[in-house]
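Colleague: So that you have it, the file is model-v4.txt, and it contains compact mmCIF, C-alpha atoms:
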```txt
# COMPACT_ATOMS: atom_id res chain seq x y z
CA MET W 1336 45.07 -74.41 -76.12
CA PRO W 1337 47.82 -77.04 -76.17
CA ASN W 1338 48.49 -79.16 -73.10
CA LEU W 1339 51.93 -77.98 -72.06
CA ARG W 1340 52.43 -80.77 -69.56
CA GLY W 1341 51.71 -83.39 -72.20
CA GLU W 1342 54.34 -81.87 -74.45
CA GLY W 1343 56.96 -81.88 -71.67
CA LEU W 1344 56.63 -78.14 -70.94
CA ASP W 1345 55.47 -77.34 -67.43
CA PRO W 1346 54.03 -73.81 -67.18
CA ARG W 1347 55.18 -73.66 -63.58
CA ILE W 1348 58.79 -73.36 -64.68
CA LYS W 1349 59.68 -69.67 -64.85
CA LEU W 1350 62.67 -67.75 -66.09
CA ARG W 1351 63.77 -67.17 -62.49
CA HIS W 1352 64.05 -70.93 -61.95
CA LEU W 1353 66.47 -71.27 -64.86
CA SER W 1354 68.46 -68.19 -63.90
CA VAL W 1355 68.87 -69.29 -60.29
CA PHE W 1356 69.71 -72.88 -61.25
CA LEU W 1357 72.41 -71.82 -63.73
CA GLU W 1358 73.93 -69.31 -61.30
CA VAL W 1359 74.19 -71.95 -58.59
CA VAL W 1360 75.85 -74.27 -61.11
CA ARG W 1361 78.28 -71.51 -62.08
CA THR W 1362 79.26 -70.58 -58.51
CA GLY W 1363 78.73 -73.93 -56.80
CA SER W 1364 77.43 -72.03 -53.79
CA VAL W 1365 74.06 -70.85 -52.54
CA VAL W 1366 75.71 -67.90 -50.80
CA GLN W 1367 77.62 -66.69 -53.87
CA ALA W 1368 74.68 -67.28 -56.22
CA ALA W 1369 72.34 -65.34 -53.95
CA SER W 1370 74.79 -62.45 -53.77
CA ALA W 1371 75.27 -62.39 -57.54
CA LEU W 1372 71.52 -62.37 -58.20
CA GLY W 1373 70.64 -59.95 -55.39
CA LEU W 1374 68.48 -62.50 -53.59
CA THR W 1375 68.38 -63.70 -50.00
CA GLN W 1376 69.70 -67.21 -49.38
CA PRO W 1377 66.29 -68.52 -48.24
CA ALA W 1378 64.67 -67.14 -51.41
CA LEU W 1379 67.27 -68.77 -53.61
CA SER W 1380 67.04 -72.10 -51.78
CA LYS W 1381 63.25 -71.98 -52.10
CA THR W 1382 63.52 -71.42 -55.87
CA ILE W 1383 65.81 -74.44 -56.27
CA ALA W 1384 63.44 -76.52 -54.17
CA GLU W 1385 60.50 -75.45 -56.33
CA LEU W 1386 62.37 -76.46 -59.48
CA GLU W 1387 63.26 -79.86 -58.07
CA GLU W 1388 59.65 -80.39 -57.03
CA ILE W 1389 58.39 -79.46 -60.52
CA LEU W 1390 60.91 -81.76 -62.21
CA GLN W 1391 60.49 -84.43 -59.49
CA VAL W 1392 64.23 -85.07 -59.43
CA LYS W 1393 67.14 -84.03 -57.26
CA LEU W 1394 69.39 -81.56 -59.10
CA PHE W 1395 72.14 -80.97 -56.53
CA ASP W 1396 74.10 -82.97 -54.00
CA ARG W 1397 74.78 -80.86 -50.97
CA ALA W 1398 78.07 -81.19 -49.07
CA GLY W 1399 78.16 -78.40 -46.51
CA ARG W 1400 77.90 -75.07 -48.32
CA LYS W 1401 79.08 -76.51 -51.62
CA LEU W 1402 76.70 -77.92 -54.21
CA SER W 1403 77.46 -80.35 -57.01
CA LEU W 1404 75.21 -81.50 -59.82
CA THR W 1405 73.54 -84.87 -59.77
CA SER W 1406 73.33 -86.84 -63.02
CA PHE W 1407 69.82 -85.38 -63.48
CA GLY W 1408 71.22 -81.91 -62.82
CA GLU W 1409 73.92 -82.36 -65.47
CA VAL W 1410 71.32 -83.28 -68.08
CA PHE W 1411 69.05 -80.40 -67.12
CA GLN W 1412 71.98 -77.95 -67.20
CA ARG W 1413 72.61 -78.58 -70.88
CA TYR W 1414 69.03 -77.81 -71.83
CA ALA W 1415 68.52 -74.97 -69.36
CA GLY W 1416 71.71 -73.25 -70.53
CA ALA W 1417 70.77 -73.64 -74.19
CA SER W 1418 67.25 -72.37 -73.52
CA LEU W 1419 68.39 -69.29 -71.64
CA THR W 1420 71.02 -68.51 -74.29
CA ALA W 1421 68.43 -68.82 -77.07
CA LEU W 1422 66.06 -66.53 -75.16
CA LYS W 1423 68.76 -63.90 -74.68
CA GLN W 1424 69.63 -64.08 -78.37
CA GLY W 1425 65.97 -63.63 -79.22
CA MET W 1426 65.72 -60.60 -76.95
CA ARG W 1427 68.85 -59.09 -78.52
CA SER W 1428 67.38 -59.69 -81.97
CA MET W 1429 64.17 -57.94 -80.96
CA ALA W 1430 66.15 -55.02 -79.54
CA GLN W 1431 68.13 -54.81 -82.75
CA ALA W 1432 64.96 -54.90 -84.82
CA ARG W 1433 63.44 -52.22 -82.58
CA ASP W 1434 66.51 -50.02 -82.97
CA ASP W 1435 66.48 -50.56 -86.73
CA GLN W 1436 62.81 -49.61 -86.78
CA ALA W 1437 63.54 -46.45 -84.82
CA ALA W 1438 66.36 -45.56 -87.21
CA ALA W 1439 64.19 -46.05 -90.29
CA PHE W 1440 62.02 -43.37 -91.85
CA SER W 1441 60.06 -43.12 -95.09
CA ILE W 1442 60.30 -40.65 -97.94
CA GLY W 1443 57.67 -40.49 -100.65
CA ALA W 1444 59.13 -39.61 -104.05
CA LEU W 1445 57.35 -38.77 -107.27
CA PRO W 1446 58.97 -39.65 -110.62
CA THR W 1447 59.72 -35.93 -111.03
CA VAL W 1448 62.62 -36.25 -108.60
CA SER W 1449 63.29 -40.00 -108.45
CA ALA W 1450 65.59 -40.10 -111.46
CA ARG W 1451 67.67 -36.98 -110.96
CA ILE W 1452 67.36 -35.26 -107.57
CA LEU W 1453 66.69 -38.18 -105.25
CA PRO W 1454 69.82 -40.27 -105.98
CA ARG W 1455 72.03 -37.24 -105.35
CA ALA W 1456 70.16 -36.35 -102.17
CA ALA W 1457 70.34 -39.94 -100.88
CA ALA W 1458 74.09 -40.08 -101.57
CA ARG W 1459 74.64 -36.85 -99.63
CA PHE W 1460 72.52 -38.09 -96.75
CA MET W 1461 74.20 -41.50 -96.48
CA ALA W 1462 77.67 -39.92 -96.67
CA GLN W 1463 77.00 -38.33 -93.28
CA GLY W 1464 77.11 -41.74 -91.59
CA LEU W 1465 74.21 -40.99 -89.25
CA GLY W 1466 73.11 -44.60 -88.95
CA LEU W 1467 69.64 -43.71 -90.26
CA LYS W 1468 67.83 -45.76 -92.87
CA PRO W 1469 65.69 -43.94 -95.42
CA ARG W 1470 62.94 -45.95 -97.09
CA ILE W 1471 62.10 -44.59 -100.50
CA VAL W 1472 58.45 -45.06 -101.45
CA THR W 1473 57.34 -44.28 -104.99
CA GLY W 1474 53.93 -44.23 -106.60
CA PRO W 1475 51.21 -41.95 -107.96
CA ASN W 1476 50.75 -38.61 -106.27
CA GLY W 1477 47.37 -39.47 -104.77
CA TYR W 1478 48.80 -42.59 -103.17
CA LEU W 1479 51.82 -40.80 -101.72
CA LEU W 1480 49.71 -37.97 -100.30
CA SER W 1481 47.37 -40.50 -98.69
CA GLN W 1482 50.41 -42.22 -97.14
CA LEU W 1483 51.63 -38.85 -95.90
CA ARG W 1484 48.23 -38.08 -94.39
CA LEU W 1485 48.26 -41.45 -92.61
CA GLY W 1486 51.79 -40.94 -91.33
CA GLU W 1487 53.19 -43.84 -93.36
CA VAL W 1488 55.70 -41.50 -95.01
CA ASP W 1489 57.39 -38.51 -93.37
CA LEU W 1490 57.40 -36.21 -96.38
CA VAL W 1491 56.83 -36.27 -100.14
CA ILE W 1492 59.25 -34.89 -102.69
CA GLY W 1493 58.00 -33.87 -106.12
CA ARG W 1494 55.80 -31.56 -108.09
CA MET W 1495 53.14 -29.71 -106.11
CA ALA W 1496 49.68 -31.25 -106.32
CA GLU W 1497 46.52 -29.48 -107.43
CA PRO W 1498 45.13 -27.07 -104.77
CA GLU W 1499 42.19 -29.30 -103.82
CA MET W 1500 44.63 -32.08 -102.90
CA MET W 1501 46.84 -29.84 -100.74
CA ARG W 1502 44.43 -29.33 -97.85
CA GLY W 1503 46.26 -30.10 -94.63
CA PHE W 1504 49.65 -30.01 -96.32
CA ALA W 1505 52.45 -27.47 -96.50
CA PHE W 1506 54.67 -27.08 -99.55
CA GLU W 1507 58.27 -25.85 -99.65
CA HIS W 1508 59.17 -24.65 -103.14
CA LEU W 1509 62.60 -25.74 -104.42
CA TYR W 1510 62.53 -25.11 -108.18
CA GLU W 1511 60.33 -24.89 -111.27
CA GLU W 1512 59.96 -27.61 -113.85
CA ALA W 1513 58.11 -27.90 -117.16
CA ILE W 1514 56.78 -30.93 -118.98
CA ALA W 1515 58.62 -32.15 -122.06
CA LEU W 1516 57.66 -33.86 -125.30
CA VAL W 1517 60.17 -36.67 -125.59
CA VAL W 1518 61.03 -38.96 -128.51
CA ARG W 1519 63.82 -41.26 -129.65
CA PRO W 1520 66.92 -39.45 -130.97
CA ALA W 1521 66.24 -40.38 -134.63
CA HIS W 1522 62.57 -39.45 -134.60
CA PRO W 1523 61.17 -38.04 -137.88
CA LEU W 1524 59.90 -34.89 -136.15
CA LEU W 1525 63.46 -33.94 -135.25
CA LYS W 1526 64.42 -33.90 -138.92
CA SER W 1527 61.91 -31.22 -139.89
CA GLN W 1528 63.43 -27.81 -140.63
CA ARG W 1529 60.46 -26.14 -139.01
CA PHE W 1530 58.81 -27.98 -136.15
CA ASP W 1531 55.01 -27.98 -136.09
CA LEU W 1532 53.48 -29.05 -132.79
CA ALA W 1533 50.31 -30.17 -134.55
CA ALA W 1534 52.36 -32.90 -136.26
CA ILE W 1535 52.44 -34.96 -133.06
CA ALA W 1536 48.85 -35.93 -133.91
CA ASN W 1537 50.35 -38.26 -136.54
CA TYR W 1538 52.10 -40.36 -133.91
CA GLN W 1539 51.19 -42.41 -130.89
CA LEU W 1540 51.11 -40.37 -127.70
CA LEU W 1541 52.16 -41.59 -124.25
CA MET W 1542 50.21 -39.66 -121.64
CA PRO W 1543 50.11 -39.61 -117.83
CA PRO W 1544 46.81 -41.20 -116.76
CA PRO W 1545 44.00 -39.40 -114.89
CA GLY W 1546 44.99 -38.97 -111.25
CA SER W 1547 48.68 -38.49 -111.99
CA ILE W 1548 50.11 -35.18 -110.90
CA ILE W 1549 50.95 -33.80 -114.35
CA ARG W 1550 47.86 -35.03 -116.18
CA PRO W 1551 45.94 -31.74 -115.70
CA THR W 1552 48.97 -29.74 -116.84
CA ALA W 1553 49.50 -31.93 -119.91
CA GLN W 1554 45.80 -31.82 -120.77
CA ARG W 1555 45.68 -28.02 -120.48
CA TYR W 1556 48.75 -27.72 -122.70
CA LEU W 1557 47.24 -29.88 -125.45
CA THR W 1558 43.87 -28.13 -125.20
CA ALA W 1559 45.53 -24.71 -125.44
CA HIS W 1560 47.07 -25.81 -128.75
CA ALA W 1561 43.82 -27.37 -130.01
CA LEU W 1562 45.32 -30.86 -129.94
CA GLY W 1563 43.52 -34.11 -129.16
CA PRO W 1564 41.89 -36.38 -128.54
CA PHE W 1565 44.46 -38.80 -129.97
CA ALA W 1566 43.43 -42.15 -131.44
CA GLY W 1567 46.75 -43.81 -130.67
CA GLU W 1568 47.05 -42.74 -127.06
CA ILE W 1569 48.62 -44.90 -124.32
CA GLU W 1570 48.22 -43.94 -120.69
CA THR W 1571 50.96 -45.06 -118.32
CA ILE W 1572 52.65 -44.17 -115.06
CA SER W 1573 55.44 -46.67 -115.72
CA ASP W 1574 58.56 -44.71 -116.59
CA ASN W 1575 60.46 -47.90 -117.43
CA PHE W 1576 57.80 -48.96 -119.91
CA ALA W 1577 57.59 -45.50 -121.47
CA ARG W 1578 61.36 -45.22 -121.87
CA ALA W 1579 61.58 -48.59 -123.59
CA TYR W 1580 58.53 -47.96 -125.76
CA VAL W 1581 59.67 -44.55 -126.95
CA ARG W 1582 63.17 -45.76 -127.80
CA ALA W 1583 61.70 -48.62 -129.84
CA SER W 1584 59.00 -46.62 -131.68
CA ASP W 1585 58.02 -43.20 -133.01
CA ALA W 1586 55.75 -42.49 -130.06
CA VAL W 1587 55.79 -39.08 -128.36
CA TRP W 1588 55.97 -39.14 -124.58
CA ILE W 1589 54.61 -36.24 -122.51
CA ILE W 1590 56.41 -36.33 -119.18
CA SER W 1591 57.92 -34.10 -116.50
CA GLU W 1592 61.31 -32.83 -117.56
CA GLY W 1593 63.06 -34.14 -114.44
CA VAL W 1594 62.00 -37.72 -115.09
CA VAL W 1595 64.04 -37.88 -118.30
CA ALA W 1596 66.75 -35.32 -117.53
CA GLU W 1597 69.53 -37.91 -117.43
CA GLU W 1598 68.43 -39.59 -120.69
CA LEU W 1599 68.21 -36.22 -122.42
CA ALA W 1600 71.64 -35.21 -121.14
CA HIS W 1601 73.25 -38.42 -122.43
CA GLY W 1602 71.40 -38.46 -125.75
CA PHE W 1603 69.39 -41.62 -125.08
CA LEU W 1604 66.21 -39.62 -125.62
CA ALA W 1605 65.54 -36.29 -127.31
CA ARG W 1606 63.19 -33.42 -126.58
CA LEU W 1607 60.98 -31.98 -129.29
CA PRO W 1608 61.56 -28.23 -129.76
CA ALA W 1609 58.11 -27.33 -128.44
CA ASP W 1610 57.62 -24.33 -126.20
CA THR W 1611 56.36 -25.79 -122.91
CA SER W 1612 57.22 -22.83 -120.70
CA ALA W 1613 53.51 -22.44 -119.88
CA THR W 1614 53.62 -25.81 -118.12
CA LEU W 1615 56.19 -24.73 -115.53
CA GLY W 1616 55.18 -25.92 -112.09
CA PRO W 1617 56.74 -25.92 -108.62
CA VAL W 1618 58.72 -28.90 -107.37
CA GLY W 1619 59.50 -29.22 -103.69
CA LEU W 1620 58.77 -30.82 -100.33
CA THR W 1621 55.25 -31.59 -99.13
CA THR W 1622 54.66 -32.12 -95.40
CA ARG W 1623 51.69 -32.24 -93.06
CA THR W 1624 50.69 -29.03 -91.33
CA ASP W 1625 49.54 -30.73 -88.13
CA VAL W 1626 52.80 -32.49 -87.25
CA GLN W 1627 56.48 -31.65 -87.48
CA PRO W 1628 58.48 -34.01 -89.71
CA SER W 1629 60.71 -36.40 -87.79
CA LEU W 1630 64.33 -35.37 -87.28
CA PRO W 1631 65.63 -37.96 -89.79
CA ALA W 1632 63.16 -36.64 -92.37
CA GLN W 1633 64.30 -33.07 -91.71
CA LEU W 1634 67.91 -34.10 -92.18
CA PHE W 1635 67.02 -35.85 -95.44
CA ALA W 1636 65.11 -32.78 -96.60
CA GLN W 1637 68.26 -30.73 -96.09
CA SER W 1638 70.16 -33.18 -98.31
CA VAL W 1639 67.47 -32.67 -100.96
CA ARG W 1640 67.91 -28.89 -100.76
CA GLU W 1641 71.67 -29.27 -101.13
CA ALA W 1642 71.29 -31.60 -104.12
CA VAL W 1643 68.95 -29.13 -105.83
CA ALA W 1644 71.39 -26.26 -105.14
CA ALA W 1645 74.31 -28.28 -106.52
CA LEU W 1646 72.40 -28.92 -109.75
CA GLY W 1647 71.65 -25.22 -110.03
```
Could you write out this structure as structure tokens?
Modeller:
Amino acid sequence: MPNLRGEGLDPRIKLRHLSVFLEVVRTGSVVQAASALGLTQPALSKTIAELEEILQVKLFDRAGRKLSLTSFGEVFQRYAGASLTALKQGMRSMAQARDDQAAAFSIGALPTVSARILPRAAARFMAQGLGLKPRIVTGPNGYLLSQLRLGEVDLVIGRMAEPEMMRGFAFEHLYEEAIALVVRPAHPLLKSQRFDLAAIANYQLLMPPPGSIIRPTAQRYLTAHALGPFAGEIETISDNFARAYVRASDAVWIISEGVVAEELAHGFLARLPADTSATLGPVGLTTRTDVQPSLPAQLFAQSVREAVAALG
């Protein structure tokens, strides 16, 4: 432990010493300073005496009831005032940080909703001017559910997980969504007069990896159509990589419809005319059953519901 005396810091000096000293300087009177601080005059005089003893200098010249600073007192005033001001600023900063922390809450979002629903929901929420700060956390479903279970996120928005992963969670259904087989707009498979799903075996396939929420659905769909395994298969949870790769190649990307809804709507990507109605799955809000979501999270959830309703 450092030697405070050797460094010029005496542990005997307390905040009350600085406060009393500066108030006496401000008022120039023991009586007025004691009244302002809610102290008795003897208690205030004792505090000044203690400070002078610690510093081993005389801080005030006394002329009747009036006090004036000595040359030592003038020097000490500059540093004591700066120190107390810095401390108050630090305390205000901590209070601000604490308030900001209280106003913040975390929302876990799967790619299913991150591209289409979530931006609209966030815009609706922020337009209310509530002074609340949502933190959007993205990642694989297993990770987000573990964060929800630990209380690190308040709720998770996205496709419902497999039943074995939903223990201890409640799910509020908002809408149904299928997976899509997505390619670049000029893909050869789009030029065929009659689309044959089996033809995707001739192209690289981008698949969600094991552990991702739609992997079981995608795997069941391919198995039901006697497709796979594929030699040129790439597993990825990176939507940015998959978008870029598909647009620059003839790869076929199997992904949740909502992830690429905007790109499909604007013609940046195209959907193969494959019937994927059997892959419809519920998308909604996942919360813990043992605790009520925080009020900010409930308000954000309402914005999500409104965004979904607005999109029909």
Colleague: Please produce, as a Markdown table, a per-residue contact table for stretch 1587-1636 of chain W versus stretch 1512-1520 of chain W (criterion: any atom at most 6 Å away, only C-alpha atoms considered), showing the nearest atom pair and its distance in Å to one decimal, sorted by chain then residue number.
Modeller:
```
| residue | atom | partner | partner_atom | distance |
| --- | --- | --- | --- | --- |
| W:Val1587 | CA | W:Val1518 | CA | 5.2 |
| W:Trp1588 | CA | W:Val1517 | CA | 5.0 |
| W:Ile1589 | CA | W:Leu1516 | CA | 4.8 |
| W:Ile1590 | CA | W:Ile1514 | CA | 5.4 |
| W:Ser1591 | CA | W:Ile1514 | CA | 4.2 |
| W:Glu1592 | CA | W:Ile1514 | CA | 5.1 |
| W:Leu1604 | CA | W:Arg1519 | CA | 5.0 |
| W:Ala1605 | CA | W:Pro1520 | CA | 5.0 |
| W:Arg1606 | CA | W:Val1517 | CA | 4.5 |
| W:Leu1607 | CA | W:Leu1516 | CA | 5.5 |
| W:Thr1614 | CA | W:Ala1513 | CA | 5.0 |
| W:Leu1615 | CA | W:Ala1513 | CA | 4.0 |
| W:Gly1616 | CA | W:Glu1512 | CA | 5.4 |
```
Colleague: What is the distance between atom CA of W:Ala1458 and atom CA of W:Ala1600, in Å to one decimal?
Modeller: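 Straight-line distance from atom CA of W:Ala1458 to atom CA of W:Ala1600 works out to 20.3 Å.
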Colleague: In Å, with one decimal, what is the gap from atom CA of W:Thr1622 to atom CA of W:Lys1468?
Modeller: 19.1 Å
Colleague: Can you list, as a PyMOL selection string, every protein, DNA or RNA residue that comes within 12 Å of W:Val1488 when you count only C-alpha atoms, leaving out same-chain residues fewer than 2 positions away?
Modeller: chain W and resi 1439-1444+1469-1473+1478-1486+1490-1492+1621-1623+1628-1629+1631-1632
Colleague: Any chance you could export the current selection's C-alpha atoms as a compact mmCIF listing (two decimals), in the coordinates of the input?
Modeller:
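Output below, filename out.txt:
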```txt
# COMPACT_ATOMS: atom_id res chain seq x y z
CA ALA W 1439 64.19 -46.05 -90.29
CA PHE W 1440 62.02 -43.37 -91.85
CA SER W 1441 60.06 -43.12 -95.09
CA ILE W 1442 60.30 -40.65 -97.94
CA GLY W 1443 57.67 -40.49 -100.65
CA ALA W 1444 59.13 -39.61 -104.05
CA PRO W 1469 65.69 -43.94 -95.42
CA ARG W 1470 62.94 -45.95 -97.09
CA ILE W 1471 62.10 -44.59 -100.50
CA VAL W 1472 58.45 -45.06 -101.45
CA THR W 1473 57.34 -44.28 -104.99
CA TYR W 1478 48.80 -42.59 -103.17
CA LEU W 1479 51.82 -40.80 -101.72
CA LEU W 1480 49.71 -37.97 -100.30
CA SER W 1481 47.37 -40.50 -98.69
CA GLN W 1482 50.41 -42.22 -97.14
CA LEU W 1483 51.63 -38.85 -95.90
CA ARG W 1484 48.23 -38.08 -94.39
CA LEU W 1485 48.26 -41.45 -92.61
CA GLY W 1486 51.79 -40.94 -91.33
CA LEU W 1490 57.40 -36.21 -96.38
CA VAL W 1491 56.83 -36.27 -100.14
CA ILE W 1492 59.25 -34.89 -102.69
CA THR W 1621 55.25 -31.59 -99.13
CA THR W 1622 54.66 -32.12 -95.40
CA ARG W 1623 51.69 -32.24 -93.06
CA PRO W 1628 58.48 -34.01 -89.71
CA SER W 1629 60.71 -36.40 -87.79
CA PRO W 1631 65.63 -37.96 -89.79
CA ALA W 1632 63.16 -36.64 -92.37
```
Colleague: Can you measure atom CA of W:Lys1349 to atom CA of W:Ser1370 for me? One decimal in Å is fine.
Modeller: 20.1 Å
Colleague: Using all atoms listed in the file, find the one residue out of W:Leu1422, W:Thr1611, W:Lys1393, W:Arg1455 that sits nearest to W:Arg1555.
Modeller: W:Thr1611
Colleague: Excluding W:Ala1586 and residues on its chain fewer than 6 positions from it, collect all residues at most 7 Å away from it, counting all atoms listed in the file, and give them as a list of chain:residue names.
Modeller: W:Val1518, W:Tyr1538, W:Gln1539, W:Leu1540, W:Leu1541
Colleague: Nearest to W:Met1461 among W:Ala1417, W:Arg1578, W:Val1639, W:Phe1603, with distances taken over all atoms listed in the file: which residue is it?
Modeller: W:Val1639
Colleague: Is there a way to get, as an NGL selection string, all residues within 10 Å of the point (46.5, -29.7, -90.4) in file coordinates, counting only C-alpha atoms?
Modeller: :W and (1484 or 1502-1505 or 1622-1626)
Colleague: Considering only C-alpha atoms, state which residue in the set W:Met1542, W:Val1643, W:Asp1585, W:Pro1498 is at the smallest distance from W:Pro1523.
Modeller: W:Asp1585
Colleague: Between W:Lys1401, W:Arg1347, W:Arg1413, W:His1522, which is the closest to W:Ala1368 once you count all atoms listed in the file?
Modeller: W:Lys1401
Colleague: My list of candidates is W:Ile1348, W:Leu1419, W:Ile1549, W:Leu1509. Which is closest to W:Gly1647 when distances are computed with all atoms listed in the file?
Modeller: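 Using all atoms listed in the file, the shortest distance to W:Gly1647 belongs to W:Leu1509.
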Colleague: When distances are computed from only C-alpha atoms, which of W:Glu1570, W:Glu1507, W:Glu1358, W:Glu1597 shows the smallest separation from W:Gln1637?
Modeller: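 Ranked by minimum distance to W:Gln1637, first place goes to W:Glu1507.
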